[in-house]
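Visitor: Just entry-v2.csv, nothing more (CSV, C-alpha atoms):
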```
chain,number,residue,atom,x,y,z
A,61,MET,CA,-2.1,-3.7,-41.5
A,62,ILE,CA,-3.8,-0.4,-41.9
A,63,THR,CA,-7.5,-0.6,-42.8
A,64,TYR,CA,-9.9,2.2,-43.8
A,65,ARG,CA,-13.4,1.2,-43.0
A,66,ASP,CA,-15.2,3.4,-45.5
A,67,ARG,CA,-13.0,2.1,-48.4
A,68,LEU,CA,-13.6,-1.5,-47.2
A,69,ARG,CA,-17.3,-0.9,-46.9
A,70,ASP,CA,-17.5,0.4,-50.5
A,71,VAL,CA,-15.8,-2.7,-51.8
A,72,LEU,CA,-17.9,-5.1,-49.7
A,73,LEU,CA,-21.2,-3.4,-50.7
A,74,GLU,CA,-20.6,-3.4,-54.5
A,75,ASP,CA,-23.8,-4.5,-56.2
A,76,VAL,CA,-25.5,-5.0,-52.8
A,77,PRO,CA,-28.9,-3.1,-52.3
A,78,VAL,CA,-28.5,-0.9,-49.2
A,79,GLN,CA,-31.0,1.3,-47.5
A,80,TRP,CA,-29.3,4.0,-45.3
A,81,ASN,CA,-30.7,5.9,-42.3
A,82,LYS,CA,-32.7,2.8,-41.2
A,83,LYS,CA,-32.3,2.6,-37.4
A,84,CYS,CA,-33.2,-0.7,-35.8
A,85,ILE,CA,-35.1,-0.3,-32.6
A,86,GLU,CA,-36.1,-3.9,-31.8
A,87,TYR,CA,-36.4,-7.4,-33.2
A,88,LEU,CA,-38.4,-10.5,-32.6
A,89,GLU,CA,-36.9,-13.9,-33.3
A,90,THR,CA,-39.1,-16.8,-34.4
A,91,LYS,CA,-38.4,-20.3,-35.5
A,92,GLU,CA,-38.6,-19.2,-39.1
A,93,GLY,CA,-36.4,-16.1,-38.9
A,94,VAL,CA,-36.2,-12.6,-37.4
A,95,TRP,CA,-38.7,-9.7,-37.6
A,96,VAL,CA,-36.8,-6.4,-37.5
A,97,SER,CA,-38.6,-3.1,-36.5
A,98,PHE,CA,-37.2,0.3,-37.6
A,99,GLU,CA,-37.6,3.8,-36.2
A,100,ASP,CA,-39.6,4.9,-39.2
A,101,GLY,CA,-42.3,2.3,-38.4
A,102,THR,CA,-41.3,-0.2,-41.1
A,103,GLN,CA,-40.6,-3.9,-40.6
A,104,GLU,CA,-38.4,-6.4,-42.4
A,105,PHE,CA,-38.2,-10.2,-42.2
A,106,CYS,CA,-34.8,-12.0,-42.5
A,107,ASN,CA,-33.4,-15.4,-42.0
A,108,ILE,CA,-30.3,-14.2,-40.1
A,109,LEU,CA,-29.8,-10.8,-38.5
A,110,VAL,CA,-26.2,-9.5,-38.3
A,111,GLY,CA,-25.4,-6.7,-35.9
A,112,ALA,CA,-22.4,-4.7,-37.0
A,113,ASP,CA,-22.8,-1.5,-35.0
A,114,ARG,CA,-19.6,0.4,-34.5
A,115,ILE,CA,-18.2,2.9,-32.0
A,116,ASN,CA,-17.3,6.4,-33.1
A,117,SER,CA,-13.8,7.8,-32.5
A,118,PRO,CA,-13.4,11.6,-32.2
A,119,ASN,CA,-11.7,13.1,-35.2
A,120,ILE,CA,-11.3,16.3,-37.1
A,121,SER,CA,-11.0,17.1,-40.8
A,122,ILE,CA,-7.7,18.7,-41.8
A,123,PRO,CA,-7.4,20.4,-45.2
A,124,LYS,CA,-4.7,19.2,-47.5
A,125,HIS,CA,-2.6,22.4,-47.4
A,126,LEU,CA,-2.2,22.0,-43.6
A,127,MET,CA,-1.5,18.3,-43.9
A,128,ASP,CA,1.2,19.1,-46.5
A,129,LYS,CA,2.9,21.4,-43.8
A,130,ALA,CA,2.7,18.5,-41.3
A,131,ASN,CA,4.2,16.0,-43.7
A,132,LYS,CA,7.0,18.4,-44.4
A,133,ILE,CA,7.9,18.4,-40.7
A,134,HIS,CA,7.1,14.8,-39.7
A,135,GLY,CA,7.0,12.9,-43.0
A,136,ASN,CA,4.0,10.9,-44.2
A,137,VAL,CA,3.4,8.7,-41.2
A,138,LEU,CA,0.3,7.3,-39.6
A,139,ALA,CA,1.1,8.5,-36.0
A,140,ARG,CA,3.3,11.3,-34.9
A,141,LYS,CA,4.3,12.5,-31.5
A,142,THR,CA,6.3,15.6,-30.4
A,143,LEU,CA,7.9,16.3,-27.0
A,144,GLY,CA,8.3,19.8,-25.5
A,145,THR,CA,11.2,20.7,-23.3
A,146,LYS,CA,8.9,21.4,-20.3
A,147,GLY,CA,7.1,18.1,-20.0
A,148,ASP,CA,4.3,18.6,-22.5
A,149,SER,CA,3.7,16.4,-25.6
A,150,THR,CA,1.4,16.2,-28.6
A,151,PHE,CA,0.1,13.2,-30.5
A,152,MET,CA,-1.6,13.1,-33.8
A,153,MET,CA,-3.0,10.0,-35.6
A,154,ILE,CA,-4.1,10.6,-39.2
A,155,ARG,CA,-5.6,8.9,-42.2
A,156,LEU,CA,-2.9,8.5,-44.8
A,157,ILE,CA,-5.3,8.6,-47.7
A,158,PRO,CA,-7.2,12.0,-48.3
A,159,ILE,CA,-10.9,12.1,-48.5
A,160,LYS,CA,-12.5,13.9,-51.5
A,161,GLN,CA,-15.0,16.6,-50.5
A,162,GLU,CA,-18.6,16.3,-51.7
A,163,GLN,CA,-19.6,18.4,-54.6
A,164,ASN,CA,-22.0,20.5,-52.5
A,165,ASP,CA,-19.3,21.4,-50.0
A,166,GLU,CA,-18.0,25.0,-50.0
A,167,LYS,CA,-14.4,23.9,-50.6
A,168,ASN,CA,-13.3,21.3,-53.1
A,169,GLU,CA,-10.0,20.8,-51.3
A,170,PRO,CA,-9.4,17.2,-50.1
A,171,HIS,CA,-9.1,16.7,-46.4
A,172,TYR,CA,-7.7,14.2,-43.9
A,173,ARG,CA,-9.2,12.7,-40.8
A,174,ALA,CA,-7.1,13.1,-37.7
A,175,THR,CA,-7.2,12.7,-33.9
A,176,LEU,CA,-5.3,15.2,-31.8
A,177,VAL,CA,-4.1,14.7,-28.2
A,178,TYR,CA,-2.2,17.2,-26.0
A,179,SER,CA,-0.8,16.3,-22.6
A,180,TYR,CA,1.1,18.2,-20.0
A,181,THR,CA,2.2,17.8,-16.4
A,182,SER,CA,-0.4,18.2,-13.7
A,183,GLU,CA,1.8,20.7,-11.9
A,184,LEU,CA,0.9,23.3,-14.5
A,185,ASP,CA,-2.8,23.1,-13.5
A,186,ASN,CA,-1.8,24.2,-10.0
A,187,VAL,CA,0.3,27.1,-11.4
A,188,GLU,CA,-2.1,28.2,-14.1
A,189,SER,CA,-5.4,27.7,-12.2
A,190,GLU,CA,-5.3,31.2,-10.8
A,191,LYS,CA,-4.8,32.8,-14.2
A,192,VAL,CA,-7.6,31.1,-16.2
A,193,LYS,CA,-10.7,29.0,-15.5
A,194,VAL,CA,-11.3,26.1,-17.8
A,195,ASP,CA,-14.8,24.6,-18.1
A,196,ASP,CA,-14.5,21.0,-19.0
A,197,ASN,CA,-18.0,21.1,-20.4
A,198,ASP,CA,-17.2,23.9,-22.8
A,199,PRO,CA,-15.0,22.6,-25.7
A,200,SER,CA,-14.1,26.1,-26.8
A,201,SER,CA,-12.7,26.9,-23.3
A,202,VAL,CA,-10.6,23.7,-23.3
A,203,ILE,CA,-9.3,24.4,-26.8
A,204,GLU,CA,-8.2,27.9,-25.9
A,205,HIS,CA,-6.5,26.5,-22.8
A,206,VAL,CA,-4.6,24.1,-24.9
A,207,LYS,CA,-3.5,26.8,-27.4
A,208,ARG,CA,-2.4,29.0,-24.6
A,209,LEU,CA,-0.3,26.2,-23.1
A,210,ILE,CA,1.3,25.5,-26.5
A,211,ARG,CA,2.2,29.2,-26.9
A,212,THR,CA,3.6,29.2,-23.4
A,213,LEU,CA,5.5,25.9,-23.4
A,214,ARG,CA,6.7,25.7,-27.0
A,215,PRO,CA,9.2,28.0,-28.9
A,216,ASP,CA,8.0,30.3,-31.7
A,217,CYS,CA,8.6,28.1,-34.7
A,218,GLU,CA,6.8,26.5,-37.7
A,219,LEU,CA,5.7,23.4,-35.7
A,220,THR,CA,4.2,25.5,-33.0
A,221,ASN,CA,2.2,27.6,-35.5
A,222,LEU,CA,1.0,24.4,-37.2
A,223,LEU,CA,-0.2,23.0,-33.9
A,224,LEU,CA,-2.2,26.1,-33.2
A,225,GLU,CA,-3.8,26.0,-36.6
A,226,LEU,CA,-4.7,22.3,-36.1
A,227,TRP,CA,-6.3,22.9,-32.7
A,228,ASP,CA,-8.3,25.8,-34.3
A,229,LEU,CA,-10.0,23.1,-36.4
A,230,ALA,CA,-11.3,21.1,-33.4
A,231,PRO,CA,-15.1,21.3,-32.7
A,232,LYS,CA,-15.8,24.2,-30.3
A,233,THR,CA,-19.4,23.1,-29.4
A,234,ILE,CA,-20.9,20.0,-27.8
A,235,PRO,CA,-22.8,17.8,-30.3
A,236,ASN,CA,-26.6,17.6,-29.9
A,237,ASP,CA,-26.3,13.8,-29.3
A,238,PRO,CA,-26.6,12.9,-25.6
A,239,ILE,CA,-23.3,12.3,-23.9
A,240,LYS,CA,-22.5,8.6,-23.4
A,241,MET,CA,-20.0,8.0,-20.7
A,242,MET,CA,-17.4,5.3,-21.4
A,243,ARG,CA,-17.8,2.3,-19.2
A,244,ASP,CA,-15.1,-0.1,-18.3
A,245,ILE,CA,-16.3,-3.7,-18.5
A,246,ASP,CA,-14.0,-6.6,-17.9
A,247,PRO,CA,-14.6,-8.9,-20.9
A,248,MET,CA,-13.9,-11.9,-18.8
A,249,SER,CA,-16.9,-11.1,-16.6
A,250,ILE,CA,-19.4,-11.3,-19.4
A,251,LYS,CA,-21.4,-14.6,-19.5
A,252,SER,CA,-21.5,-16.4,-22.8
A,253,TRP,CA,-24.7,-15.8,-24.7
A,254,SER,CA,-26.8,-18.4,-26.3
A,255,SER,CA,-26.4,-18.6,-30.1
A,256,SER,CA,-29.5,-17.7,-32.2
A,257,ARG,CA,-30.4,-16.2,-35.5
A,258,VAL,CA,-29.0,-12.9,-34.3
A,259,VAL,CA,-25.2,-12.7,-34.7
A,260,LEU,CA,-22.7,-9.9,-33.9
A,261,LEU,CA,-19.5,-8.9,-35.5
A,262,GLY,CA,-16.9,-6.1,-35.1
A,263,ASP,CA,-17.4,-3.5,-32.4
A,264,ALA,CA,-20.9,-4.8,-31.7
A,265,ALA,CA,-19.3,-7.9,-30.2
A,266,HIS,CA,-15.8,-6.7,-29.1
A,267,ALA,CA,-15.4,-3.0,-28.9
A,268,MET,CA,-11.7,-2.1,-28.4
A,269,SER,CA,-9.7,1.0,-27.6
A,270,PRO,CA,-8.3,2.4,-30.9
A,271,ILE,CA,-4.8,2.8,-29.3
A,272,LEU,CA,-3.5,-0.5,-30.7
A,273,GLY,CA,-5.5,-0.4,-34.0
A,274,LEU,CA,-6.8,-4.0,-33.5
A,275,GLY,CA,-10.5,-3.4,-33.9
A,276,ALA,CA,-10.8,-3.1,-37.7
A,277,ASN,CA,-8.5,-6.1,-38.3
A,278,ASN,CA,-10.6,-8.3,-36.0
A,279,ALA,CA,-13.8,-7.1,-37.7
A,280,ILE,CA,-12.3,-8.2,-41.1
A,281,GLN,CA,-11.6,-11.6,-39.7
A,282,ASP,CA,-15.2,-11.7,-38.3
A,283,VAL,CA,-16.6,-11.0,-41.7
A,284,ASP,CA,-14.4,-13.7,-43.3
A,285,LYS,CA,-15.4,-16.3,-40.7
A,286,LEU,CA,-19.1,-15.5,-40.8
A,287,SER,CA,-19.2,-15.5,-44.6
A,288,GLN,CA,-17.7,-19.0,-44.5
A,289,ALA,CA,-20.2,-20.1,-41.9
A,290,LEU,CA,-23.2,-18.7,-43.8
A,291,LEU,CA,-22.4,-21.0,-46.7
A,292,LYS,CA,-23.6,-23.9,-44.4
A,293,TYR,CA,-26.9,-22.2,-43.8
A,294,THR,CA,-30.1,-24.2,-44.1
A,295,ASP,CA,-33.6,-23.4,-42.8
A,296,ASP,CA,-33.4,-26.2,-40.3
A,297,ASN,CA,-29.8,-25.9,-39.1
A,298,ILE,CA,-28.2,-22.8,-37.7
A,299,SER,CA,-25.6,-24.6,-35.6
A,300,PHE,CA,-22.9,-22.8,-37.7
A,301,ILE,CA,-23.7,-19.6,-35.8
A,302,GLU,CA,-22.7,-21.3,-32.5
A,303,GLU,CA,-19.5,-22.4,-34.2
A,304,TYR,CA,-18.8,-18.8,-35.4
A,305,ASP,CA,-19.6,-17.4,-31.9
A,306,LYS,CA,-17.1,-19.7,-30.2
A,307,GLU,CA,-14.3,-19.0,-32.7
A,308,MET,CA,-14.9,-15.3,-32.6
A,309,LEU,CA,-15.0,-14.9,-28.9
A,310,LYS,CA,-11.9,-17.1,-28.4
A,311,ARG,CA,-10.0,-15.2,-31.1
A,312,THR,CA,-10.8,-11.6,-30.0
A,313,SER,CA,-10.7,-12.0,-26.2
A,314,ALA,CA,-6.9,-11.6,-26.0
A,315,ASP,CA,-6.9,-8.4,-28.2
A,316,VAL,CA,-9.8,-6.9,-26.1
A,317,LEU,CA,-7.8,-7.5,-22.9
A,318,LYS,CA,-4.6,-6.2,-24.5
A,319,SER,CA,-6.2,-2.9,-25.7
A,320,ARG,CA,-7.9,-2.5,-22.3
A,321,ASN,CA,-4.7,-2.9,-20.4
A,322,ASP,CA,-2.8,-0.5,-22.7
A,323,THR,CA,-5.5,2.1,-22.2
A,324,PHE,CA,-5.2,1.9,-18.5
A,325,LYS,CA,-1.4,2.0,-18.7
A,326,ILE,CA,-1.4,5.1,-20.8
A,327,SER,CA,-4.1,6.9,-18.7
A,328,THR,CA,-2.1,6.4,-15.5
A,329,PRO,CA,-0.5,9.7,-14.4
A,330,LEU,CA,3.3,9.8,-14.5
A,331,GLY,CA,5.5,11.2,-11.7
A,332,PRO,CA,8.6,13.3,-12.3
A,333,PHE,CA,10.9,10.3,-12.7
A,334,GLY,CA,8.3,8.7,-15.0
A,335,VAL,CA,8.3,11.8,-17.3
A,336,ILE,CA,12.2,11.7,-17.4
A,337,ILE,CA,12.2,8.0,-18.3
A,338,ARG,CA,9.5,8.4,-20.9
A,339,ASP,CA,11.1,11.4,-22.6
A,340,ASN,CA,14.5,9.6,-22.8
A,341,ILE,CA,12.9,6.5,-24.3
A,342,LEU,CA,11.1,8.5,-26.9
A,343,LYS,CA,14.3,10.4,-27.7
A,344,VAL,CA,16.2,7.2,-28.2
A,345,ILE,CA,13.4,5.9,-30.5
A,346,ASN,CA,13.5,9.2,-32.4
A,347,VAL,CA,17.3,8.8,-32.9
A,348,MET,CA,16.8,5.3,-34.2
A,349,ILE,CA,14.1,6.3,-36.6
A,350,ASN,CA,16.2,9.1,-38.0
A,351,PHE,CA,19.2,6.7,-38.3
A,352,TYR,CA,17.2,4.1,-40.2
A,353,SER,CA,15.7,6.9,-42.4
A,354,PHE,CA,19.2,8.3,-43.2
A,355,ALA,CA,20.5,4.8,-43.9
A,356,ASP,CA,17.5,4.0,-46.2
A,357,ASN,CA,17.9,7.3,-48.1
A,358,LEU,CA,21.7,6.6,-48.5
A,359,ILE,CA,21.1,3.1,-49.8
A,360,PHE,CA,18.4,3.9,-52.3
A,361,LYS,CA,20.1,7.1,-53.4
A,362,ASN,CA,23.1,5.0,-54.5
```
Please express what this file holds, its structure, as structure tokens.
Guide:
Amino acid sequence: MITYRDRLRDVLLEDVPVQWNKKCIEYLETKEGVWVSFEDGTQEFCNILVGADRINSPNISIPKHLMDKANKIHGNVLARKTLGTKGDSTFMMIRLIPIKQEQNDEKNEPHYRATLVYSYTSELDNVESEKVKVDDNDPSSVIEHVKRLIRTLRPDCELTNLLLELWDLAPKTIPNDPIKMMRDIDPMSIKSWSSSRVVLLGDAAHAMSPILGLGANNAIQDVDKLSQALLKYTDDNISFIEEYDKEMLKRTSADVLKSRNDTFKISTPLGPFGVIIRDNILKVINVMINFYSFADNLIFKN
């Protein structure tokens, strides 16, 4: 199932009073409820505090005219991967539904969110290191390096030109926000916490790698289970939170481990034989996809 969080959020928040840009900095739990302090100096009292902080995935905005070109080549699919003949590969994951631009934006053209990945064999670093110096702390330097590799390793064609245009859209400066290094924490090493009037759901409780796309689906289930649990709320009895915590942790642990293991597997460098095996597997998959697509078109055409 494909889930778009902003659309889901709009549906869930219909007729719900919301105050944006209120950053929680601390809270104090009492027998009666929870006092929440915000960055602007204000305080609020609540019976139950739900933490739903999420992690941010890097993405770029692609204008519709470029996405139309991509769809012409790949078809309207969620994830698309291309293989070069010299060991390099590209991967793009997109949002299938376009996002309308705000009225105050310079361009009214709808755009799509996308994540771009480019990979190549480590041997090229040894060959090319004398020609160009790449600063990993300078995004513009990395982007130009990627574009140069694409020009070098890919033939001059429509797809190559499209890839260059897409990489031109990637942010070329470092955000002002402080850099937060990704930490690998074995979920099985975390001690169980004591249930209280503060409850977590989604990424706040079980952040996952986006590779398998399991995070949003688990967050939806969290909301459903927590909503059912809240129906049992009374001022004197909050045992339902403990029931929710146990169910949520048991349900999500397997997916957290699965996404963690897949991330490690993908990030492991491939040797020359691994590249050959990977490329052949992807070619077989591509042939199967084209065969099924041809068969579907033939059936529905008739």
Visitor: Using Å and a single decimal, report how far atom CA of Arg311 of chain A sits from atom CA of Ala267 of chain A.
Guide: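 Taking atom CA of Ala267 of chain A and atom CA of Arg311 of chain A, their separation equals 13.5 Å.
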Visitor: What's the 10 Å shell around Asn221 of chain A, counting only C-alpha atoms, without same-chain residues fewer than 6 positions away, as JSON, numbers by chain?
Guide: {"A": [207, 210, 211, 214, 215]}
Visitor: Using all atoms listed in the file, which protein or nucleic acid residues come within 12 Å of Ile326 of chain A? Drop anything in the same chain fewer than 3 positions from it, and give the result as a list in words.
Guide: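 Answer for this query is Ser179, Ser269, Ile271, Leu272, Ser319, Arg320, Asn321, Asp322, Thr323, Pro329, Leu330, Gly334 and Arg338 of chain A.
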Visitor: For segment 145-149 of chain A, find every residue with an atom within 9 Å (counting all atoms listed in the file), except residues of its own chain fewer than 3 positions away, and show them as JSON, numbers by chain.
Guide: {"A": [141, 142, 177, 178, 179, 180, 181, 209, 210, 213, 214, 335, 336, 339]}
Visitor: Pick out the closest residue to Ile341 of chain A from this set: A:Leu143, A:Glu307, A:Leu224, A:Lys325. Count all atoms listed in the file.
Guide: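 Closest to Ile341 of chain A of all the choices is A:Leu143.
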Visitor: The residues within 12 Å of (-8.6, 31.5, -22.8), using only C-alpha atoms and the coordinates of the file, should be reported as a PyMOL selection string; which are they?
Guide: chain A and resi 188-189+191-195+198-209+211
Visitor: Which residues come within 9 Å of segment 277-280 of chain A, counting only C-alpha atoms, excluding same-chain residues fewer than 2 positions away, as a PyMOL selection string?
Guide: chain A and resi 61-63+112+261-263+266+273-275+282-285+308+311-312+315
